[in-house]
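Asker: This one is model_4.tsv, TSV, C-alpha atoms.
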```
chain	number	residue	atom	x	y	z
A	601	MET	CA	91.65	96.80	-14.82
A	602	LYS	CA	88.62	96.50	-12.54
A	603	LYS	CA	86.37	97.90	-15.31
A	604	ILE	CA	87.78	95.41	-17.79
A	605	VAL	CA	87.00	92.50	-15.44
A	606	ILE	CA	83.45	93.77	-14.90
A	607	LEU	CA	82.90	94.15	-18.64
A	608	PHE	CA	84.25	90.64	-19.23
A	609	LEU	CA	81.93	89.16	-16.60
A	610	ALA	CA	78.94	91.04	-18.04
A	611	LEU	CA	79.72	89.75	-21.54
A	612	ALA	CA	80.07	86.21	-20.22
A	613	THR	CA	76.69	86.49	-18.52
A	614	VAL	CA	74.98	87.67	-21.71
A	615	LEU	CA	76.48	84.85	-23.73
A	616	SER	CA	75.41	82.27	-21.16
A	617	LEU	CA	71.82	83.56	-21.23
A	618	THR	CA	71.38	83.74	-25.00
A	619	GLY	CA	72.53	80.31	-26.17
A	620	CYS	CA	70.58	80.70	-29.47
A	621	GLY	CA	67.35	79.67	-27.74
A	622	ASN	CA	68.58	76.17	-26.93
A	623	GLU	CA	71.39	74.39	-25.15
A	624	VAL	CA	73.81	74.36	-28.05
A	625	GLU	CA	76.58	76.09	-26.11
A	626	ASP	CA	76.45	73.45	-23.40
A	627	LYS	CA	76.40	70.56	-25.86
A	628	LYS	CA	79.08	71.45	-28.36
A	629	ASN	CA	82.33	69.51	-28.26
A	630	ALA	CA	84.63	71.98	-29.97
A	631	ASP	CA	85.05	75.68	-30.65
A	632	THR	CA	82.73	76.38	-33.58
A	633	GLU	CA	85.17	78.98	-34.97
A	634	THR	CA	87.41	76.08	-36.03
A	635	SER	CA	84.62	74.49	-38.06
A	636	PRO	CA	85.09	74.56	-41.85
A	637	LEU	CA	81.50	75.82	-42.00
A	638	TYR	CA	81.85	78.58	-39.43
A	639	GLY	CA	79.75	81.61	-40.38
A	640	LYS	CA	77.90	79.88	-43.22
A	641	LYS	CA	74.17	80.55	-43.55
A	642	VAL	CA	71.68	77.71	-43.96
A	643	ALA	CA	67.89	77.59	-44.10
A	644	TYR	CA	65.20	74.94	-43.75
A	645	VAL	CA	62.25	75.62	-46.07
A	646	MET	CA	59.18	73.44	-45.46
A	647	GLN	CA	56.22	73.43	-47.85
A	648	MET	CA	53.79	72.30	-45.15
A	649	ALA	CA	52.51	73.89	-41.94
A	650	PRO	CA	54.64	73.74	-38.75
A	651	SER	CA	53.14	70.63	-37.12
A	652	GLU	CA	54.79	69.27	-33.98
A	653	ILE	CA	56.91	66.68	-35.76
A	654	PHE	CA	58.35	69.27	-38.15
A	655	GLN	CA	59.03	71.66	-35.32
A	656	MET	CA	61.01	68.80	-33.73
A	657	TRP	CA	62.68	68.27	-37.11
A	658	SER	CA	63.65	71.93	-37.33
A	659	ALA	CA	64.90	72.05	-33.74
A	660	SER	CA	67.32	69.17	-34.29
A	661	ALA	CA	68.49	70.68	-37.59
A	662	GLU	CA	69.07	74.02	-35.90
A	663	GLU	CA	71.04	72.52	-33.04
A	664	THR	CA	73.23	70.60	-35.48
A	665	ALA	CA	73.83	73.69	-37.63
A	666	ASN	CA	74.78	75.76	-34.59
A	667	ARG	CA	77.17	73.12	-33.31
A	668	LEU	CA	78.87	73.28	-36.70
A	669	GLY	CA	79.18	77.06	-36.42
A	670	MET	CA	76.45	77.94	-38.91
A	671	GLU	CA	73.60	80.46	-38.83
A	672	TYR	CA	70.18	78.80	-39.20
A	673	GLU	CA	66.72	79.99	-40.22
A	674	ALA	CA	63.47	78.04	-40.70
A	675	PHE	CA	60.52	78.88	-42.96
A	676	PHE	CA	57.14	77.10	-43.08
A	677	CYS	CA	54.90	77.70	-46.09
A	678	ASN	CA	51.52	76.33	-44.88
A	679	GLY	CA	50.95	74.03	-47.84
A	680	SER	CA	51.56	76.68	-50.52
A	681	ASP	CA	53.78	75.60	-53.41
A	682	GLU	CA	54.01	79.21	-54.57
A	683	GLN	CA	55.17	80.42	-51.16
A	684	TRP	CA	57.68	77.56	-50.98
A	685	MET	CA	59.27	78.53	-54.30
A	686	GLU	CA	59.26	82.22	-53.47
A	687	THR	CA	60.94	81.53	-50.12
A	688	VAL	CA	63.59	79.32	-51.72
A	689	GLU	CA	64.34	81.99	-54.33
A	690	GLN	CA	64.54	84.66	-51.65
A	691	CYS	CA	67.00	82.64	-49.57
A	692	ALA	CA	69.18	81.99	-52.60
A	693	GLY	CA	69.12	85.68	-53.49
A	694	GLU	CA	70.05	86.68	-49.95
A	695	GLY	CA	73.22	84.62	-50.09
A	696	TYR	CA	72.42	81.53	-48.08
A	697	ASP	CA	75.14	78.91	-48.55
A	698	GLY	CA	72.96	75.84	-48.09
A	699	LEU	CA	69.25	75.03	-48.24
A	700	LEU	CA	67.50	72.08	-46.65
A	701	LEU	CA	64.27	71.82	-48.64
A	702	SER	CA	61.26	69.80	-47.56
A	703	HIS	CA	58.21	68.51	-49.42
A	704	GLY	CA	58.60	70.26	-52.74
A	705	GLY	CA	56.09	69.09	-55.35
A	706	GLU	CA	57.30	66.51	-57.83
A	707	GLU	CA	55.57	68.25	-60.74
A	708	TYR	CA	57.71	71.39	-60.38
A	709	SER	CA	60.74	70.74	-58.14
A	710	TYR	CA	63.07	69.45	-60.83
A	711	GLY	CA	62.65	72.35	-63.23
A	712	PHE	CA	62.55	74.94	-60.48
A	713	LEU	CA	65.65	73.73	-58.63
A	714	THR	CA	67.62	73.06	-61.80
A	715	GLY	CA	67.10	76.66	-62.87
A	716	LEU	CA	67.89	77.94	-59.38
A	717	MET	CA	71.21	76.10	-59.24
A	718	GLU	CA	72.19	77.38	-62.67
A	719	GLN	CA	71.63	80.90	-61.34
A	720	TYR	CA	73.44	80.19	-58.03
A	721	PRO	CA	76.13	77.59	-58.86
A	722	ASN	CA	77.73	77.74	-55.40
A	723	LEU	CA	74.49	77.01	-53.57
A	724	LYS	CA	74.20	73.56	-51.96
A	725	ILE	CA	70.82	71.85	-51.63
A	726	ALA	CA	69.59	68.70	-49.90
A	727	THR	CA	65.92	67.70	-50.07
A	728	PHE	CA	63.55	65.77	-47.82
A	729	ASP	CA	60.41	64.08	-49.21
A	730	THR	CA	60.94	65.76	-52.58
A	731	PHE	CA	60.77	63.71	-55.76
A	732	PHE	CA	62.15	64.90	-59.12
A	733	GLU	CA	60.33	64.27	-62.40
A	734	ASP	CA	61.04	65.65	-65.86
A	735	ASP	CA	58.35	66.96	-68.24
A	736	GLU	CA	57.58	63.41	-69.37
A	737	GLY	CA	57.06	62.11	-65.84
A	738	ASN	CA	60.35	60.24	-65.63
A	739	SER	CA	62.27	60.05	-62.36
A	740	VAL	CA	65.43	62.15	-62.66
A	741	LYS	CA	68.29	63.41	-60.50
A	742	ILE	CA	69.93	66.78	-60.02
A	743	ASP	CA	73.71	66.62	-59.89
A	744	GLY	CA	75.00	67.45	-56.43
A	745	VAL	CA	71.59	67.32	-54.71
A	746	THR	CA	71.02	64.56	-52.15
A	747	GLN	CA	67.44	63.37	-51.72
A	748	PHE	CA	66.36	61.65	-48.53
A	749	PHE	CA	63.13	60.10	-47.34
A	750	GLN	CA	61.67	57.92	-44.66
A	751	GLN	CA	61.08	54.29	-45.60
A	752	ASP	CA	57.58	55.34	-46.63
A	753	SER	CA	56.43	52.17	-48.35
A	754	ARG	CA	57.55	50.08	-45.40
A	755	MET	CA	55.68	52.34	-42.95
A	756	ALA	CA	52.44	51.71	-44.83
A	757	GLU	CA	53.12	47.99	-44.95
A	758	ASP	CA	54.08	47.74	-41.27
A	759	LEU	CA	50.84	49.41	-40.20
A	760	LEU	CA	48.74	47.16	-42.42
A	761	ASP	CA	50.67	44.16	-41.13
A	762	TYR	CA	49.76	45.26	-37.59
A	763	ILE	CA	46.09	45.59	-38.57
A	764	CYS	CA	45.93	42.29	-40.42
A	765	ASN	CA	47.88	40.23	-37.90
A	766	ASP	CA	47.52	41.88	-34.49
A	767	LEU	CA	44.00	43.25	-34.79
A	768	TYR	CA	42.25	41.01	-37.32
A	769	GLY	CA	44.36	37.86	-37.58
A	770	GLU	CA	41.37	35.52	-37.43
A	771	LYS	CA	39.56	37.37	-40.20
A	772	VAL	CA	42.62	37.26	-42.47
A	773	GLU	CA	43.17	33.56	-41.74
A	774	ALA	CA	39.58	32.93	-42.77
A	775	GLY	CA	40.35	34.53	-46.14
A	776	GLU	CA	38.28	37.66	-45.56
A	777	PRO	CA	39.69	41.10	-46.40
A	778	VAL	CA	39.93	43.72	-43.64
A	779	ASN	CA	37.75	46.75	-44.40
A	780	ILE	CA	39.89	49.91	-44.28
A	781	LEU	CA	38.85	53.55	-44.29
A	782	LYS	CA	41.84	55.18	-45.97
A	783	VAL	CA	42.94	58.70	-45.02
A	784	TRP	CA	45.22	59.83	-47.82
A	785	VAL	CA	45.75	62.66	-50.31
A	786	GLY	CA	46.92	62.11	-53.86
A	787	PRO	CA	48.12	61.05	-56.27
A	788	ASP	CA	50.86	63.62	-56.93
A	789	TYR	CA	50.17	65.74	-53.85
A	790	LEU	CA	53.32	64.79	-51.95
A	791	ALA	CA	56.03	62.33	-52.91
A	792	ALA	CA	55.96	60.81	-49.41
A	793	PHE	CA	52.22	60.13	-49.63
A	794	ASP	CA	52.62	58.47	-53.04
A	795	ARG	CA	55.41	56.29	-51.68
A	796	ARG	CA	53.15	55.23	-48.80
A	797	GLU	CA	50.41	54.48	-51.29
A	798	ALA	CA	52.77	52.05	-53.03
A	799	GLY	CA	53.04	50.01	-49.82
A	800	TYR	CA	49.31	50.25	-49.19
A	801	ALA	CA	48.48	49.08	-52.72
A	802	ARG	CA	50.35	45.81	-52.22
A	803	TYR	CA	47.93	44.76	-49.51
A	804	GLU	CA	44.98	45.64	-51.75
A	805	GLU	CA	46.47	43.65	-54.63
A	806	GLU	CA	46.97	40.62	-52.39
A	807	GLY	CA	43.35	40.78	-51.26
A	808	LEU	CA	44.25	41.28	-47.61
A	809	ILE	CA	42.38	44.58	-47.33
A	810	ASP	CA	39.41	46.25	-48.98
A	811	THR	CA	39.26	50.06	-49.07
A	812	VAL	CA	35.72	51.19	-48.26
A	813	GLU	CA	36.49	54.86	-49.00
A	814	THR	CA	39.40	57.31	-49.29
A	815	ILE	CA	39.12	60.68	-47.55
A	816	GLY	CA	41.42	63.62	-46.77
A	817	PRO	CA	41.33	67.17	-45.41
A	818	SER	CA	39.45	69.84	-47.31
A	819	ASP	CA	41.72	72.65	-46.10
A	820	PHE	CA	45.48	72.02	-46.07
A	821	GLY	CA	46.13	75.28	-44.25
A	822	ASP	CA	44.15	73.93	-41.27
A	823	ALA	CA	44.41	70.21	-41.91
A	824	GLU	CA	43.54	68.94	-38.44
A	825	ARG	CA	40.31	70.92	-38.14
A	826	SER	CA	39.15	70.14	-41.67
A	827	MET	CA	40.07	66.46	-41.27
A	828	LYS	CA	37.93	66.34	-38.14
A	829	GLU	CA	35.00	67.79	-40.09
A	830	VAL	CA	35.46	65.45	-43.05
A	831	MET	CA	35.75	62.44	-40.75
A	832	ALA	CA	32.66	63.43	-38.76
A	833	GLY	CA	30.66	63.63	-41.99
A	834	THR	CA	32.03	60.29	-43.22
A	835	LEU	CA	31.11	58.49	-39.99
A	836	GLU	CA	27.46	59.32	-40.59
A	837	ASN	CA	27.54	57.00	-43.61
A	838	TYR	CA	28.86	53.89	-41.85
A	839	GLN	CA	28.09	51.60	-38.94
A	840	ASP	CA	31.02	50.47	-36.78
A	841	ASP	CA	31.00	46.95	-38.25
A	842	GLU	CA	31.37	48.32	-41.78
A	843	ILE	CA	34.84	49.72	-41.03
A	844	ASP	CA	37.38	47.42	-39.39
A	845	ALA	CA	40.17	50.01	-39.11
A	846	ILE	CA	41.25	53.46	-40.24
A	847	TRP	CA	44.67	53.89	-41.90
A	848	CYS	CA	46.07	57.44	-41.89
A	849	CYS	CA	48.94	58.53	-44.11
A	850	TYR	CA	49.98	61.39	-41.78
A	851	ASP	CA	49.64	62.02	-38.06
A	852	LEU	CA	48.30	65.57	-38.37
A	853	TYR	CA	45.36	64.14	-40.32
A	854	ALA	CA	45.09	61.35	-37.74
A	855	GLN	CA	44.65	63.90	-34.95
A	856	GLY	CA	41.50	65.20	-36.65
A	857	VAL	CA	40.29	61.65	-37.22
A	858	TYR	CA	40.80	60.80	-33.55
A	859	GLU	CA	38.88	63.87	-32.38
A	860	ALA	CA	35.95	63.02	-34.66
A	861	LEU	CA	35.87	59.42	-33.43
A	862	THR	CA	36.04	60.51	-29.81
A	863	GLU	CA	33.28	63.11	-30.11
A	864	ALA	CA	31.06	60.62	-31.95
A	865	GLY	CA	31.75	57.87	-29.41
A	866	ARG	CA	32.80	55.49	-32.19
A	867	ASP	CA	35.11	52.59	-31.39
A	868	ILE	CA	37.05	51.96	-34.61
A	869	PRO	CA	40.79	51.15	-34.38
A	870	MET	CA	43.05	53.62	-36.17
A	871	VAL	CA	46.75	53.73	-37.08
A	872	SER	CA	48.95	56.43	-38.58
A	873	VAL	CA	52.30	57.38	-40.03
A	874	ASP	CA	54.63	59.56	-37.86
A	875	ILE	CA	54.43	60.23	-34.13
A	876	SER	CA	54.48	63.29	-31.88
A	877	GLY	CA	53.93	64.09	-28.23
A	878	ARG	CA	50.32	65.05	-28.93
A	879	ASP	CA	49.78	61.77	-30.78
A	880	MET	CA	51.04	59.88	-27.75
A	881	GLU	CA	48.67	61.76	-25.45
A	882	MET	CA	45.77	60.74	-27.68
A	883	MET	CA	46.98	57.14	-27.95
A	884	THR	CA	47.16	56.73	-24.17
A	885	ALA	CA	43.85	58.47	-23.37
A	886	GLU	CA	41.16	56.30	-21.79
A	887	ASN	CA	39.47	54.01	-24.33
A	888	SER	CA	41.58	55.47	-27.14
A	889	SER	CA	41.01	54.05	-30.61
A	890	TRP	CA	44.51	55.12	-31.78
A	891	LYS	CA	46.44	51.84	-31.71
A	892	ALA	CA	49.79	52.30	-33.49
A	893	CYS	CA	52.14	54.62	-35.37
A	894	ALA	CA	54.87	53.80	-37.87
A	895	THR	CA	57.61	56.39	-37.51
A	896	THR	CA	61.20	57.44	-37.64
A	897	ASN	CA	62.89	59.20	-34.72
A	898	TRP	CA	61.95	62.86	-35.21
A	899	HIS	CA	64.65	63.99	-32.81
A	900	ASN	CA	67.16	62.57	-35.32
A	901	ASN	CA	65.61	63.46	-38.68
A	902	GLY	CA	66.53	67.13	-38.78
A	903	GLU	CA	70.05	66.35	-37.58
A	904	PHE	CA	70.35	63.74	-40.34
A	905	GLY	CA	69.31	66.28	-42.97
A	906	MET	CA	71.66	68.97	-41.66
A	907	ARG	CA	74.57	66.53	-41.59
A	908	VAL	CA	73.86	65.67	-45.23
A	909	LEU	CA	73.74	69.34	-46.23
A	910	ALA	CA	76.92	70.09	-44.26
A	911	LEU	CA	78.78	67.26	-46.00
A	912	GLU	CA	77.68	68.63	-49.37
A	913	MET	CA	78.95	72.06	-48.38
A	914	THR	CA	82.41	70.68	-47.57
A	915	GLY	CA	82.47	68.43	-50.65
A	916	ASP	CA	82.44	65.22	-48.59
A	917	TYR	CA	79.91	63.41	-50.77
A	918	GLY	CA	81.63	60.08	-50.14
A	919	ASP	CA	80.59	60.30	-46.48
A	920	ILE	CA	76.88	60.68	-47.30
A	921	VAL	CA	75.82	57.10	-46.69
A	922	ASP	CA	72.41	55.48	-47.17
A	923	PRO	CA	71.35	53.91	-43.84
A	924	SER	CA	69.62	51.07	-45.73
A	925	THR	CA	72.70	49.93	-47.67
A	926	GLY	CA	75.68	51.39	-45.79
A	927	GLU	CA	77.03	52.79	-49.07
A	928	ALA	CA	77.58	56.32	-50.35
A	929	SER	CA	74.54	57.53	-52.28
A	930	ASP	CA	72.50	60.58	-53.27
A	931	TRP	CA	69.24	58.75	-52.42
A	932	LEU	CA	68.81	57.95	-48.72
A	933	GLU	CA	66.09	56.32	-46.63
A	934	ILE	CA	65.79	56.67	-42.84
A	935	PRO	CA	64.87	53.47	-40.90
A	936	VAL	CA	61.40	53.19	-39.33
A	937	SER	CA	59.78	51.55	-36.29
A	938	VAL	CA	56.24	50.70	-35.21
A	939	ILE	CA	55.13	52.18	-31.89
A	940	THR	CA	52.05	50.55	-30.39
A	941	GLN	CA	49.60	51.76	-27.78
A	942	GLU	CA	50.78	48.98	-25.48
A	943	MET	CA	54.40	50.16	-25.65
A	944	ILE	CA	53.62	53.65	-24.40
A	945	SER	CA	50.91	52.81	-21.88
A	946	GLU	CA	53.59	52.83	-19.17
A	947	LYS	CA	53.55	56.01	-17.10
A	948	ASP	CA	56.08	58.76	-17.75
A	949	ILE	CA	56.70	57.76	-21.39
A	950	ASP	CA	56.64	60.83	-23.62
A	951	ILE	CA	58.20	61.77	-26.94
A	952	ASP	CA	61.53	62.52	-25.25
A	953	SER	CA	61.69	59.17	-23.42
A	954	LEU	CA	60.21	57.05	-26.22
A	955	GLU	CA	63.57	55.37	-26.79
A	956	ARG	CA	63.09	53.48	-23.50
A	957	VAL	CA	60.34	51.33	-24.99
A	958	ALA	CA	60.57	51.71	-28.77
A	959	GLY	CA	63.39	49.24	-29.43
A	960	ASP	CA	66.91	49.38	-30.78
A	961	GLU	CA	65.97	50.40	-34.32
A	962	TYR	CA	64.31	53.56	-33.04
A	963	SER	CA	67.29	54.65	-30.92
A	964	ASP	CA	70.07	53.51	-33.27
A	965	ARG	CA	72.31	56.33	-34.55
A	966	SER	CA	75.07	54.25	-36.07
A	967	TRP	CA	73.93	55.16	-39.59
A	968	MET	CA	74.24	58.94	-39.08
A	969	PRO	CA	76.51	60.29	-41.87
A	970	ALA	CA	79.73	61.98	-40.70
A	971	ALA	CA	83.17	62.92	-41.95
A	972	ASP	CA	86.12	62.83	-39.55
A	973	TRP	CA	86.10	66.64	-39.13
A	974	MET	CA	82.40	66.57	-38.20
A	975	LYS	CA	82.88	64.15	-35.31
A	976	GLU	CA	84.93	66.79	-33.48
A	977	PHE	CA	81.80	68.97	-33.27
A	978	LEU	CA	78.97	66.44	-33.09
A	979	GLY	CA	80.63	63.67	-31.12
A	980	ASP	CA	79.71	60.74	-33.37
```
Take the structure I supplied and represent it as structure tokens, if you would.

Answerer:
Amino acid sequence: MKKIVILFLALATVLSLTGCGNEVEDKKNADTETSPLYGKKVAYVMQMAPSEIFQMWSASAEETANRLGMEYEAFFCNGSDEQWMETVEQCAGEGYDGLLLSHGGEEYSYGFLTGLMEQYPNLKIATFDTFFEDDEGNSVKIDGVTQFFQQDSRMAEDLLDYICNDLYGEKVEAGEPVNILKVWVGPDYLAAFDRREAGYARYEEEGLIDTVETIGPSDFGDAERSMKEVMAGTLENYQDDEIDAIWCCYDLYAQGVYEALTEAGRDIPMVSVDISGRDMEMMTAENSSWKACATTNWHNNGEFGMRVLALEMTGDYGDIVDPSTGEASDWLEIPVSVITQEMISEKDIDIDSLERVAGDEYSDRSWMPAADWMKEFLGD
């Protein structure tokens, strides 16, 4: 009997120390063995490199999967479409039950995933920032696959609104366009970037901004370093008064832009899409030129995606609700907020405490999709 007790205590100690690398065991609200998804295998496959925001994304997806009793794996493909497709095929072949796929190219995702699902009819797929086009360039859907995005066009517009009203209101009132250095890659590189371009283009069409040049990284496998080099070279061609502001389509690119500006001692306001802890450190540095970010809550995004995939896996498609409309849909958009330098200048504000200053829209979780059975494990 004494040996049995000792063995039990030893097992309990091991379980308390492992915890799947996070605090899932402490946070769960129910025994995962009672979950309808207990023992299922899911994977997150990201076409891009593992930047901080997508590591946050993956961490929240993993925690959610574990709380629902599922096994989770993440794969980052460093900007390689070929590696992304090979990884997806490998996961399907190894018997994964659900795949959360991120940033597949619009020129190949439809044909590739359609063929994959014909080969593996029981596989469930949800996609983030992945647009589907047929051979003629028409927008199409794949039955049973939920697509979700950030409100990309609005993020572009909100940042330009900040530039035109908060930074250069007098210039705009005088009828003069604001001169923008545009950091963007496309068209047809990533669906999210094209969607942001749609919002950007509206300000060009209305004559509120004038794009002096469009630049992007030369090496997508090391985007920050190459963006720094490209930006440094570009700065040599302009005086400060020739560029009013720099608009960046992605925060990893913005980090390279910021470093180039800082090393060159150039004082040109910049804004970007997405936010991370490193971004916030740069924004709050002394004399920082990084003025604002338009973003979703990256602590919530991976959880949102995993909830969607889980609801597909249990057939609860009616509970997959678009946050923008409140109605069931297979096309979803996550709400966004603008975070300014002034908001986070207060001491002790980091990415984990951003909700304290970012406003209700940033912290709101009322739009998270959930079936009744899911609430037992996730709490809301």

Asker: For Asp819 (chain A), which residue among A:Val785, A:Ile949, A:Ile868, A:Met656 is the nearest when counting only C-alpha atoms?

Answerer: A:Val785

Asker: Using all atoms listed in the file, which residues sit within 6 Å of region 739-755 of chain A once same-chain residues fewer than 5 positions away are excluded, as a list in words?

Answerer: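 Once the nearby chain positions are removed, what remains is Ile725, Ala726, Thr727, Phe728, Asp729, Phe732, Glu733, Arg795, Arg796, Ala798, Gly799, Ala894, Asp930, Trp931, Leu932, Glu933 and Ile934 of chain A.
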
Asker: Once you have the residues from the selection above, write them out as a PDB file, keeping the file's coordinate frame, restricted to C-alpha atoms.

Answerer:
```pdb
ATOM      1  CA  ILE A 725      70.820  71.850 -51.630  1.00  0.00           C
ATOM      2  CA  ALA A 726      69.590  68.700 -49.900  1.00  0.00           C
ATOM      3  CA  THR A 727      65.920  67.700 -50.070  1.00  0.00           C
ATOM      4  CA  PHE A 728      63.550  65.770 -47.820  1.00  0.00           C
ATOM      5  CA  ASP A 729      60.410  64.080 -49.210  1.00  0.00           C
ATOM      6  CA  PHE A 732      62.150  64.900 -59.120  1.00  0.00           C
ATOM      7  CA  GLU A 733      60.330  64.270 -62.400  1.00  0.00           C
ATOM      8  CA  ARG A 795      55.410  56.290 -51.680  1.00  0.00           C
ATOM      9  CA  ARG A 796      53.150  55.230 -48.800  1.00  0.00           C
ATOM     10  CA  ALA A 798      52.770  52.050 -53.030  1.00  0.00           C
ATOM     11  CA  GLY A 799      53.040  50.010 -49.820  1.00  0.00           C
ATOM     12  CA  ALA A 894      54.870  53.800 -37.870  1.00  0.00           C
ATOM     13  CA  ASP A 930      72.500  60.580 -53.270  1.00  0.00           C
ATOM     14  CA  TRP A 931      69.240  58.750 -52.420  1.00  0.00           C
ATOM     15  CA  LEU A 932      68.810  57.950 -48.720  1.00  0.00           C
ATOM     16  CA  GLU A 933      66.090  56.320 -46.630  1.00  0.00           C
ATOM     17  CA  ILE A 934      65.790  56.670 -42.840  1.00  0.00           C
TER      18      ILE A 934
END
```

Asker: State, in Å with one decimal place, the distance from CA of Tyr762 (chain A) to CA of Ser876 (chain A).

Answerer: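 CA of Ser876 (chain A) lies 19.5 Å from CA of Tyr762 (chain A).
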
Asker: Any idea what the distance is between CA of Tyr789 (chain A) and CA of Arg825 (chain A)?

Answerer: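 It comes out at 19.3 Å.
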
Asker: Between CA of Met974 (chain A) and CA of Asp916 (chain A), what is the distance in Å, rounded to a tenth?

Answerer: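 For CA of Met974 (chain A) relative to CA of Asp916 (chain A), the distance reads 10.5 Å.
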
Asker: Point out the residue among A:Val936, A:Ala892, A:Cys677, A:Ile809 with the least atom-to-atom distance to Gly821 (chain A), counting only C-alpha atoms.

Answerer: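 Counting only C-alpha atoms, the residue closest to Gly821 (chain A) is A:Cys677.
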
Asker: Out of A:Asp879, A:Asp766, A:Glu804, A:Glu673, which residue has the shortest atom-to-atom distance to Gly856 (chain A) when counting only C-alpha atoms?

Answerer: A:Asp879

Asker: Just checking: using all atoms listed in the file, which residue out of A:Asn722, A:Gln839, A:Thr884, A:Asn765 ends up closest to Glu912 (chain A)?

Answerer: A:Asn722

Asker: Hey, can I get the axis-aligned box for region 631-634 of chain A? All listed atoms, 8 Å padding on each side, centre and edge lengths in Å to one decimal, as JSON.

Answerer:
```
{"center_x": 85.1, "center_y": 77.3, "center_z": -33.3, "size_x": 20.7, "size_y": 19.3, "size_z": 21.4}
```

Asker: Got a sec to check which residues sit within 8 Å of (74.8, 75.4, -53.3), counting only C-alpha atoms, and write them as number ranges by chain?

Answerer: A: 697-699, 717, 720-725, 913

Asker: For Leu759 (chain A), list every protein, DNA or RNA residue within 9 Å, evaluated using only C-alpha atoms, and leave out those in the same chain fewer than 5 positions away; present the list as a list in words.

Answerer: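 Here the qualifying residues turn out to be Arg754, Cys764, Trp847, Val871, Ser872, Val873, Ala892, Cys893, Ala894 and Val938 of chain A.
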
Asker: Please determine, counting only C-alpha atoms, which residue among A:Glu633, A:Asp844, A:Glu682, A:Glu824 has the shortest atom-to-atom distance to Tyr768 (chain A).

Answerer: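 Looking only at the distances to Tyr768 (chain A), the closest residue turns out to be A:Asp844.
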
Asker: Would you mind telling me which residue in A:Asp851, A:Asp980, A:Glu859, A:Asp950 lies nearest to Phe654 (chain A) when using all atoms listed in the file?

Answerer: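 Smallest separation from Phe654 (chain A) among the options: A:Asp851.
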
Asker: I want to know what sits within 8 Å of Ala823 (chain A), based on only C-alpha atoms, with residues of the same chain fewer than 4 positions away left out; could you give that as a list in words?

Answerer: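 After dropping sequence-adjacent residues, the list is Pro817, Ser818, Asp819, Met827, Leu852, Tyr853 and Gly856 of chain A.
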
Asker: Leaving out Ser889 (chain A) and any residue of its chain fewer than 2 positions from it, which residues lie within 7 Å of it when counting all atoms listed in the file, given as a short mmCIF file (atom, residue, chain, number, x, y, z; two decimals) with C-alpha atoms, in the frame of the given file?

Answerer:
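Dumped everything to out.cif:
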```
data_model
loop_
_atom_site.label_atom_id
_atom_site.label_comp_id
_atom_site.auth_asym_id
_atom_site.auth_seq_id
_atom_site.Cartn_x
_atom_site.Cartn_y
_atom_site.Cartn_z
CA ASP A 867 35.11 52.59 -31.39
CA ILE A 868 37.05 51.96 -34.61
CA PRO A 869 40.79 51.15 -34.38
CA MET A 870 43.05 53.62 -36.17
CA ASN A 887 39.47 54.01 -24.33
CA LYS A 891 46.44 51.84 -31.71
#
```
